[in-house]
Every structure is written in structure tokens, then in C-alpha cells.
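*Asks:* Data: protein.csv, CSV, C-alpha atoms and all ligand atoms.
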```
chain,number,residue,atom,x,y,z
A,15,MET,CA,-16.7,123.5,-54.3
A,16,LYS,CA,-13.8,125.2,-52.6
A,17,ALA,CA,-11.6,123.2,-50.2
A,18,ARG,CA,-10.4,125.3,-47.3
A,19,CYS,CA,-7.3,124.9,-45.1
A,20,LEU,CA,-6.5,126.9,-42.0
A,21,VAL,CA,-2.7,126.9,-42.0
A,22,CYS,CA,-0.7,126.3,-38.8
A,23,ARG,CA,-3.7,125.9,-36.5
A,24,ASP,CA,-4.4,122.2,-36.2
A,25,PRO,CA,-4.9,121.0,-32.6
A,26,VAL,CA,-4.6,117.3,-33.6
A,27,GLN,CA,-1.3,117.7,-35.4
A,28,VAL,CA,-0.1,120.0,-32.6
A,29,ALA,CA,-0.8,117.4,-30.0
A,30,GLN,CA,0.8,114.6,-32.0
A,31,HIS,CA,3.9,116.4,-33.3
A,32,PRO,CA,5.6,118.7,-30.8
A,33,GLY,CA,8.5,118.7,-33.2
A,34,TRP,CA,6.4,120.6,-35.7
A,35,GLN,CA,5.3,123.3,-33.3
A,36,GLN,CA,6.7,126.8,-33.2
A,37,ARG,CA,8.9,127.7,-30.2
A,38,ASP,CA,9.3,131.1,-28.5
A,39,SER,CA,12.7,132.6,-27.8
A,40,ALA,CA,12.8,130.7,-24.5
A,41,GLY,CA,12.3,127.4,-26.3
A,42,ARG,CA,8.7,127.0,-25.1
A,43,LEU,CA,6.3,125.3,-27.5
A,44,ARG,CA,3.6,127.6,-29.0
A,45,PRO,CA,0.2,126.1,-30.1
A,46,ALA,CA,0.9,126.7,-33.8
A,47,LEU,CA,2.7,124.6,-36.4
A,48,CYS,CA,5.9,125.9,-38.0
A,49,LEU,CA,5.9,126.4,-41.8
A,50,ASN,CA,9.6,125.3,-41.8
A,51,SER,CA,8.9,122.0,-40.1
A,52,SER,CA,7.9,118.8,-41.8
A,53,TYR,CA,4.2,119.8,-41.2
A,54,VAL,CA,3.9,121.3,-44.7
A,55,ALA,CA,5.2,118.2,-46.5
A,56,LYS,CA,3.5,115.7,-44.3
A,57,VAL,CA,0.1,117.4,-43.9
A,58,ILE,CA,-0.5,120.3,-46.3
A,59,TRP,CA,0.8,118.7,-49.5
A,60,PRO,CA,-1.1,115.4,-48.9
A,61,TRP,CA,-4.2,117.4,-48.2
A,62,MET,CA,-3.8,119.3,-51.4
A,63,THR,CA,-3.3,116.1,-53.4
A,64,HIS,CA,-6.4,114.6,-51.8
A,65,SER,CA,-8.5,117.7,-52.4
A,66,ALA,CA,-7.4,118.2,-56.0
A,67,ALA,CA,-8.3,114.6,-56.8
A,68,ASP,CA,-11.9,115.4,-56.0
A,69,PRO,CA,-13.7,116.4,-59.3
A,70,ALA,CA,-16.1,118.5,-57.2
A,71,CYS,CA,-13.2,120.7,-55.9
A,72,ASP,CA,-12.6,123.7,-58.1
A,73,ALA,CA,-10.5,125.8,-55.8
A,74,LEU,CA,-8.2,125.7,-52.8
A,75,GLU,CA,-8.3,128.4,-50.2
A,76,PHE,CA,-5.6,128.8,-47.6
A,77,GLU,CA,-6.2,130.9,-44.6
A,78,ILE,CA,-2.8,132.0,-43.1
A,79,PRO,CA,-3.2,133.5,-39.6
A,80,ALA,CA,-0.8,136.1,-38.3
A,81,GLU,CA,1.0,133.6,-36.1
A,82,ALA,CA,2.3,131.8,-39.2
A,83,GLY,CA,4.6,134.7,-39.7
A,84,GLU,CA,5.8,135.1,-36.1
A,85,PRO,CA,9.5,134.6,-35.5
A,86,CYS,CA,10.2,131.0,-34.4
A,87,TRP,CA,13.0,129.3,-32.5
A,88,CYS,CA,12.2,125.7,-33.4
A,89,ASP,CA,15.0,123.3,-34.7
A,90,ALA,CA,13.9,123.6,-38.3
A,91,CYS,CA,14.0,127.4,-38.3
A,92,GLU,CA,17.4,127.4,-36.5
A,93,LEU,CA,18.7,125.1,-39.3
A,94,HIS,CA,17.3,127.2,-42.1
A,95,LEU,CA,18.6,130.4,-40.5
A,96,ARG,CA,22.1,128.9,-40.2
A,97,GLU,CA,22.0,127.6,-43.8
A,98,ALA,CA,21.0,131.1,-45.0
A,99,GLY,CA,24.0,132.6,-43.2
A,100,LEU,CA,21.7,134.7,-41.0
A,101,ASP,CA,22.5,135.8,-37.4
A,102,LEU,CA,20.6,133.6,-35.0
A,103,ASN,CA,20.7,136.3,-32.3
A,104,ASP,CA,19.4,139.1,-34.6
A,105,LEU,CA,15.7,139.4,-33.9
A,106,ALA,CA,15.1,141.7,-37.0
A,107,GLN,CA,16.7,139.0,-39.2
A,108,ARG,CA,14.6,136.3,-37.6
A,109,LYS,CA,11.4,138.4,-38.1
A,110,GLN,CA,12.2,138.9,-41.7
A,111,PHE,CA,13.0,135.2,-42.1
A,112,ALA,CA,9.6,134.3,-40.7
A,113,LEU,CA,7.8,136.6,-43.1
A,114,ASP,CA,9.9,135.3,-46.0
A,115,SER,CA,8.9,131.8,-44.9
A,116,VAL,CA,5.2,132.7,-45.3
A,117,ALA,CA,6.0,134.1,-48.8
A,118,ARG,CA,7.9,131.0,-49.7
A,119,PHE,CA,5.1,128.8,-48.4
A,120,ARG,CA,2.6,130.7,-50.7
A,121,LYS,CA,4.9,130.3,-53.7
A,122,GLU,CA,5.6,126.6,-53.1
A,123,THR,CA,1.9,125.9,-52.4
A,124,ALA,CA,0.8,127.6,-55.6
A,125,ALA,CA,3.5,125.7,-57.6
A,126,TYR,CA,2.5,122.4,-55.9
A,127,ALA,CA,-1.2,122.9,-56.8
A,128,GLU,CA,-0.3,123.7,-60.4
A,129,ALA,CA,1.8,120.5,-60.6
A,130,VAL,CA,-1.0,118.4,-59.0
A,131,ARG,CA,-3.8,119.8,-61.1
A,132,PRO,CA,-2.9,122.5,-63.7
A,133,GLY,CA,-5.3,125.4,-63.6
A,134,LEU,CA,-6.7,124.7,-60.1
A,135,LYS,CA,-7.4,128.0,-58.4
A,136,VAL,CA,-5.5,128.7,-55.3
A,137,THR,CA,-6.1,131.7,-53.0
A,138,PHE,CA,-4.6,132.9,-49.7
A,139,THR,CA,-6.4,134.9,-47.2
A,201,ZN,ZN,10.1,127.2,-36.7
```
Show how you would write the structure in this file as C-alpha cells.

*Replies:*
Amino acid sequence: MKARCLVCRDPVQVAQHPGWQQRDSAGRLRPALCLNSSYVAKVIWPWMTHSAADPACDALEFEIPAEAGEPCWCDACELHLREAGLDLNDLAQRKQFALDSVARFRKETAAYAEAVRPGLKVTFT
């Protein structure tokens, strides 16, 4: 049995955690969760631990929608951008940072799965 996860789109978490939501350049909340917020550690990783503990689960599949890689102006992204020495006002850098964030998410998620249950198959679509 494959356990599936739609990344960033979670209406319940969006409603409960505005601090995890993406923001547009005007600071308005977008109805998608940011991969640089605590959402990943508080929701995705516990979900992976729970799923991997089920003997019937033989694979994890993550669907990453396009909005996961959209440039974001939330507090977590601002902090990461600053720490990386990037220009907060440079849209191209911000776009690249957002795509890099998705790549990092995939890498960390695969590593986490391997740590939780070695050999567990993980796919991203
Ligand atoms: Zn963000």
C-alpha cells in the first residue's frame, strides 16, 4: 500500500496555522503552506513517521503542486533569504530560492524516510 501526501495544500492546517501560509509580495496570505515554515517538521515528518510504522505501507508518494515552488514573502522565507545572504528585493533570487526550497524539501524528505525506515520507497510527482 502506498501512502500519499499532497504537499502544501491542506485546508485544515491552512485554517489553523496562518503563520505557515505562503504570502504574496504585498504580505497577503495565500491558501498554500510554505515549505520553509514549521509545516514540514510539524506535519509532514510526523505523517511520514506514522505512515512508515504501518507494515502495510510499502511506499510514500508526495505530490508537489506548482504553488509549492512559488516565491514567498512569509517570515520564514525572509529569514532564510537573509541568512543565505540573498537580496530580499531581487525577484529572480527569490524565485530561485523558492525552487531550491522544493529541491531541498525533496532531499530532506527522502533522507528522513531512509532514517525512519531504510529502503522505504519514496517518490515525488
Ligand atoms: Zn515562505

*Asks:* Please return as a PyMOL selection string the residues found within 12 Å of ligand ZN 201 (chain A), counting all atoms listed in the file.

*Replies:* chain A and resi 22+32-39+41-54+81-95+108-109+111-113+115-116

*Asks:* Let's have the selection written as an mmCIF file, in the frame of the given file, with C-alpha atoms.

*Replies:*
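Below is the file out_20.cif, written as the result:
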```cif
data_model
loop_
_atom_site.group_PDB
_atom_site.id
_atom_site.type_symbol
_atom_site.label_atom_id
_atom_site.label_comp_id
_atom_site.auth_asym_id
_atom_site.auth_seq_id
_atom_site.Cartn_x
_atom_site.Cartn_y
_atom_site.Cartn_z
ATOM 1 C CA CYS A 22 -0.700 126.300 -38.800
ATOM 2 C CA PRO A 32 5.600 118.700 -30.800
ATOM 3 C CA GLY A 33 8.500 118.700 -33.200
ATOM 4 C CA TRP A 34 6.400 120.600 -35.700
ATOM 5 C CA GLN A 35 5.300 123.300 -33.300
ATOM 6 C CA GLN A 36 6.700 126.800 -33.200
ATOM 7 C CA ARG A 37 8.900 127.700 -30.200
ATOM 8 C CA ASP A 38 9.300 131.100 -28.500
ATOM 9 C CA SER A 39 12.700 132.600 -27.800
ATOM 10 C CA GLY A 41 12.300 127.400 -26.300
ATOM 11 C CA ARG A 42 8.700 127.000 -25.100
ATOM 12 C CA LEU A 43 6.300 125.300 -27.500
ATOM 13 C CA ARG A 44 3.600 127.600 -29.000
ATOM 14 C CA PRO A 45 0.200 126.100 -30.100
ATOM 15 C CA ALA A 46 0.900 126.700 -33.800
ATOM 16 C CA LEU A 47 2.700 124.600 -36.400
ATOM 17 C CA CYS A 48 5.900 125.900 -38.000
ATOM 18 C CA LEU A 49 5.900 126.400 -41.800
ATOM 19 C CA ASN A 50 9.600 125.300 -41.800
ATOM 20 C CA SER A 51 8.900 122.000 -40.100
ATOM 21 C CA SER A 52 7.900 118.800 -41.800
ATOM 22 C CA TYR A 53 4.200 119.800 -41.200
ATOM 23 C CA VAL A 54 3.900 121.300 -44.700
ATOM 24 C CA GLU A 81 1.000 133.600 -36.100
ATOM 25 C CA ALA A 82 2.300 131.800 -39.200
ATOM 26 C CA GLY A 83 4.600 134.700 -39.700
ATOM 27 C CA GLU A 84 5.800 135.100 -36.100
ATOM 28 C CA PRO A 85 9.500 134.600 -35.500
ATOM 29 C CA CYS A 86 10.200 131.000 -34.400
ATOM 30 C CA TRP A 87 13.000 129.300 -32.500
ATOM 31 C CA CYS A 88 12.200 125.700 -33.400
ATOM 32 C CA ASP A 89 15.000 123.300 -34.700
ATOM 33 C CA ALA A 90 13.900 123.600 -38.300
ATOM 34 C CA CYS A 91 14.000 127.400 -38.300
ATOM 35 C CA GLU A 92 17.400 127.400 -36.500
ATOM 36 C CA LEU A 93 18.700 125.100 -39.300
ATOM 37 C CA HIS A 94 17.300 127.200 -42.100
ATOM 38 C CA LEU A 95 18.600 130.400 -40.500
ATOM 39 C CA ARG A 108 14.600 136.300 -37.600
ATOM 40 C CA LYS A 109 11.400 138.400 -38.100
ATOM 41 C CA PHE A 111 13.000 135.200 -42.100
ATOM 42 C CA ALA A 112 9.600 134.300 -40.700
ATOM 43 C CA LEU A 113 7.800 136.600 -43.100
ATOM 44 C CA SER A 115 8.900 131.800 -44.900
ATOM 45 C CA VAL A 116 5.200 132.700 -45.300
#
```

*Asks:* Rank nothing, just name the residue among A:Ala117, A:Val57, A:Pro69, A:Glu75 nearest to Arg18 of chain A, using all atoms listed in the file.

*Replies:* A:Glu75

*Asks:* Would you please work out which residue, of A:Leu134, A:Met15, A:Val28, A:Ala55, is nearest to Phe119 of chain A when using only C-alpha atoms?

*Replies:*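 With only C-alpha atoms as the atom set, the closest residue is A:Ala55.
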
*Asks:* For Ala66 of chain A, list every protein, DNA or RNA residue within 12 Å, evaluated using all atoms listed in the file, and leave out those in the same chain fewer than 3 positions away; present the list as a list in words.

*Replies:*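 Listed by chain and then number, they are Met15, Lys16, Ala17, Arg18, Trp59, Pro60, Trp61, Met62, Thr63, Pro69, Ala70, Cys71, Asp72, Ala73, Leu74, Glu75, Tyr126, Ala127, Glu128, Ala129, Val130, Arg131, Pro132, Gly133, Leu134, Lys135 and Val136 of chain A.
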
*Asks:* Give me segment 78-103 of chain A with N, CA, C and O atoms filled in, as a PDB file, in the coordinates of the input.

*Replies:*
```pdb
ATOM      1  N   ILE A  78      -4.128 131.969 -43.842  1.00  0.00           N
ATOM      2  CA  ILE A  78      -2.800 132.000 -43.100  1.00  0.00           C
ATOM      3  C   ILE A  78      -2.956 133.021 -41.992  1.00  0.00           C
ATOM      4  O   ILE A  78      -2.936 134.232 -42.212  1.00  0.00           O
ATOM      5  N   PRO A  79      -3.081 132.536 -40.755  1.00  0.00           N
ATOM      6  CA  PRO A  79      -3.200 133.500 -39.600  1.00  0.00           C
ATOM      7  C   PRO A  79      -1.901 134.159 -39.316  1.00  0.00           C
ATOM      8  O   PRO A  79      -0.835 133.711 -39.746  1.00  0.00           O
ATOM      9  N   ALA A  80      -2.002 135.245 -38.581  1.00  0.00           N
ATOM     10  CA  ALA A  80      -0.800 136.100 -38.300  1.00  0.00           C
ATOM     11  C   ALA A  80       0.306 135.286 -37.649  1.00  0.00           C
ATOM     12  O   ALA A  80       1.487 135.534 -37.914  1.00  0.00           O
ATOM     13  N   GLU A  81      -0.054 134.306 -36.797  1.00  0.00           N
ATOM     14  CA  GLU A  81       1.000 133.600 -36.100  1.00  0.00           C
ATOM     15  C   GLU A  81       1.915 132.792 -37.011  1.00  0.00           C
ATOM     16  O   GLU A  81       3.024 132.420 -36.632  1.00  0.00           O
ATOM     17  N   ALA A  82       1.448 132.524 -38.229  1.00  0.00           N
ATOM     18  CA  ALA A  82       2.300 131.800 -39.200  1.00  0.00           C
ATOM     19  C   ALA A  82       3.567 132.558 -39.491  1.00  0.00           C
ATOM     20  O   ALA A  82       4.597 131.971 -39.799  1.00  0.00           O
ATOM     21  N   GLY A  83       3.485 133.899 -39.398  1.00  0.00           N
ATOM     22  CA  GLY A  83       4.600 134.700 -39.700  1.00  0.00           C
ATOM     23  C   GLY A  83       5.388 135.248 -38.491  1.00  0.00           C
ATOM     24  O   GLY A  83       6.190 136.177 -38.601  1.00  0.00           O
ATOM     25  N   GLU A  84       5.114 134.650 -37.343  1.00  0.00           N
ATOM     26  CA  GLU A  84       5.800 135.100 -36.100  1.00  0.00           C
ATOM     27  C   GLU A  84       7.225 134.436 -36.120  1.00  0.00           C
ATOM     28  O   GLU A  84       7.403 133.303 -36.561  1.00  0.00           O
ATOM     29  N   PRO A  85       8.214 135.178 -35.613  1.00  0.00           N
ATOM     30  CA  PRO A  85       9.500 134.600 -35.500  1.00  0.00           C
ATOM     31  C   PRO A  85       9.499 133.320 -34.634  1.00  0.00           C
ATOM     32  O   PRO A  85       8.764 133.268 -33.653  1.00  0.00           O
ATOM     33  N   CYS A  86      10.270 132.320 -35.025  1.00  0.00           N
ATOM     34  CA  CYS A  86      10.200 131.000 -34.400  1.00  0.00           C
ATOM     35  C   CYS A  86      11.584 130.484 -34.077  1.00  0.00           C
ATOM     36  O   CYS A  86      12.517 130.723 -34.831  1.00  0.00           O
ATOM     37  N   TRP A  87      11.691 129.786 -32.960  1.00  0.00           N
ATOM     38  CA  TRP A  87      13.000 129.300 -32.500  1.00  0.00           C
ATOM     39  C   TRP A  87      13.022 127.755 -32.513  1.00  0.00           C
ATOM     40  O   TRP A  87      13.719 127.146 -31.728  1.00  0.00           O
ATOM     41  N   CYS A  88      12.229 127.123 -33.396  1.00  0.00           N
ATOM     42  CA  CYS A  88      12.200 125.700 -33.400  1.00  0.00           C
ATOM     43  C   CYS A  88      13.512 125.179 -34.165  1.00  0.00           C
ATOM     44  O   CYS A  88      14.224 125.970 -34.794  1.00  0.00           O
ATOM     45  N   ASP A  89      13.784 123.880 -34.080  1.00  0.00           N
ATOM     46  CA  ASP A  89      15.000 123.300 -34.700  1.00  0.00           C
ATOM     47  C   ASP A  89      15.069 123.568 -36.182  1.00  0.00           C
ATOM     48  O   ASP A  89      16.130 123.873 -36.723  1.00  0.00           O
ATOM     49  N   ALA A  90      13.918 123.418 -36.852  1.00  0.00           N
ATOM     50  CA  ALA A  90      13.900 123.600 -38.300  1.00  0.00           C
ATOM     51  C   ALA A  90      14.256 125.026 -38.689  1.00  0.00           C
ATOM     52  O   ALA A  90      15.034 125.258 -39.620  1.00  0.00           O
ATOM     53  N   CYS A  91      13.709 125.993 -37.959  1.00  0.00           N
ATOM     54  CA  CYS A  91      14.000 127.400 -38.300  1.00  0.00           C
ATOM     55  C   CYS A  91      15.503 127.686 -37.971  1.00  0.00           C
ATOM     56  O   CYS A  91      16.155 128.388 -38.746  1.00  0.00           O
ATOM     57  N   GLU A  92      16.017 127.144 -36.871  1.00  0.00           N
ATOM     58  CA  GLU A  92      17.400 127.400 -36.500  1.00  0.00           C
ATOM     59  C   GLU A  92      18.320 126.864 -37.678  1.00  0.00           C
ATOM     60  O   GLU A  92      19.260 127.542 -38.087  1.00  0.00           O
ATOM     61  N   LEU A  93      17.959 125.687 -38.195  1.00  0.00           N
ATOM     62  CA  LEU A  93      18.700 125.100 -39.300  1.00  0.00           C
ATOM     63  C   LEU A  93      18.687 125.953 -40.536  1.00  0.00           C
ATOM     64  O   LEU A  93      19.713 126.249 -41.152  1.00  0.00           O
ATOM     65  N   HIS A  94      17.474 126.384 -40.891  1.00  0.00           N
ATOM     66  CA  HIS A  94      17.300 127.200 -42.100  1.00  0.00           C
ATOM     67  C   HIS A  94      18.047 128.545 -41.943  1.00  0.00           C
ATOM     68  O   HIS A  94      18.671 129.022 -42.893  1.00  0.00           O
ATOM     69  N   LEU A  95      17.964 129.137 -40.754  1.00  0.00           N
ATOM     70  CA  LEU A  95      18.600 130.400 -40.500  1.00  0.00           C
ATOM     71  C   LEU A  95      20.151 130.240 -40.700  1.00  0.00           C
ATOM     72  O   LEU A  95      20.823 131.059 -41.332  1.00  0.00           O
ATOM     73  N   ARG A  96      20.682 129.157 -40.135  1.00  0.00           N
ATOM     74  CA  ARG A  96      22.100 128.900 -40.200  1.00  0.00           C
ATOM     75  C   ARG A  96      22.509 128.678 -41.698  1.00  0.00           C
ATOM     76  O   ARG A  96      23.505 129.231 -42.170  1.00  0.00           O
ATOM     77  N   GLU A  97      21.719 127.892 -42.407  1.00  0.00           N
ATOM     78  CA  GLU A  97      22.000 127.600 -43.800  1.00  0.00           C
ATOM     79  C   GLU A  97      21.981 128.869 -44.663  1.00  0.00           C
ATOM     80  O   GLU A  97      22.695 128.989 -45.649  1.00  0.00           O
ATOM     81  N   ALA A  98      21.110 129.806 -44.263  1.00  0.00           N
ATOM     82  CA  ALA A  98      21.000 131.100 -45.000  1.00  0.00           C
ATOM     83  C   ALA A  98      22.060 132.065 -44.595  1.00  0.00           C
ATOM     84  O   ALA A  98      22.127 133.164 -45.132  1.00  0.00           O
ATOM     85  N   GLY A  99      22.887 131.674 -43.635  1.00  0.00           N
ATOM     86  CA  GLY A  99      24.000 132.600 -43.200  1.00  0.00           C
ATOM     87  C   GLY A  99      23.458 133.729 -42.356  1.00  0.00           C
ATOM     88  O   GLY A  99      24.118 134.765 -42.269  1.00  0.00           O
ATOM     89  N   LEU A 100      22.285 133.582 -41.749  1.00  0.00           N
ATOM     90  CA  LEU A 100      21.700 134.700 -41.000  1.00  0.00           C
ATOM     91  C   LEU A 100      22.196 134.577 -39.504  1.00  0.00           C
ATOM     92  O   LEU A 100      22.622 133.519 -39.037  1.00  0.00           O
ATOM     93  N   ASP A 101      22.108 135.710 -38.811  1.00  0.00           N
ATOM     94  CA  ASP A 101      22.500 135.800 -37.400  1.00  0.00           C
ATOM     95  C   ASP A 101      21.402 135.308 -36.518  1.00  0.00           C
ATOM     96  O   ASP A 101      20.356 135.936 -36.422  1.00  0.00           O
ATOM     97  N   LEU A 102      21.631 134.188 -35.836  1.00  0.00           N
ATOM     98  CA  LEU A 102      20.600 133.600 -35.000  1.00  0.00           C
ATOM     99  C   LEU A 102      20.166 134.504 -33.856  1.00  0.00           C
ATOM    100  O   LEU A 102      19.077 134.367 -33.312  1.00  0.00           O
ATOM    101  N   ASN A 103      21.031 135.428 -33.482  1.00  0.00           N
ATOM    102  CA  ASN A 103      20.700 136.300 -32.300  1.00  0.00           C
ATOM    103  C   ASN A 103      20.131 137.645 -32.765  1.00  0.00           C
ATOM    104  O   ASN A 103      19.858 138.493 -31.921  1.00  0.00           O
TER     105      ASN A 103
END
```
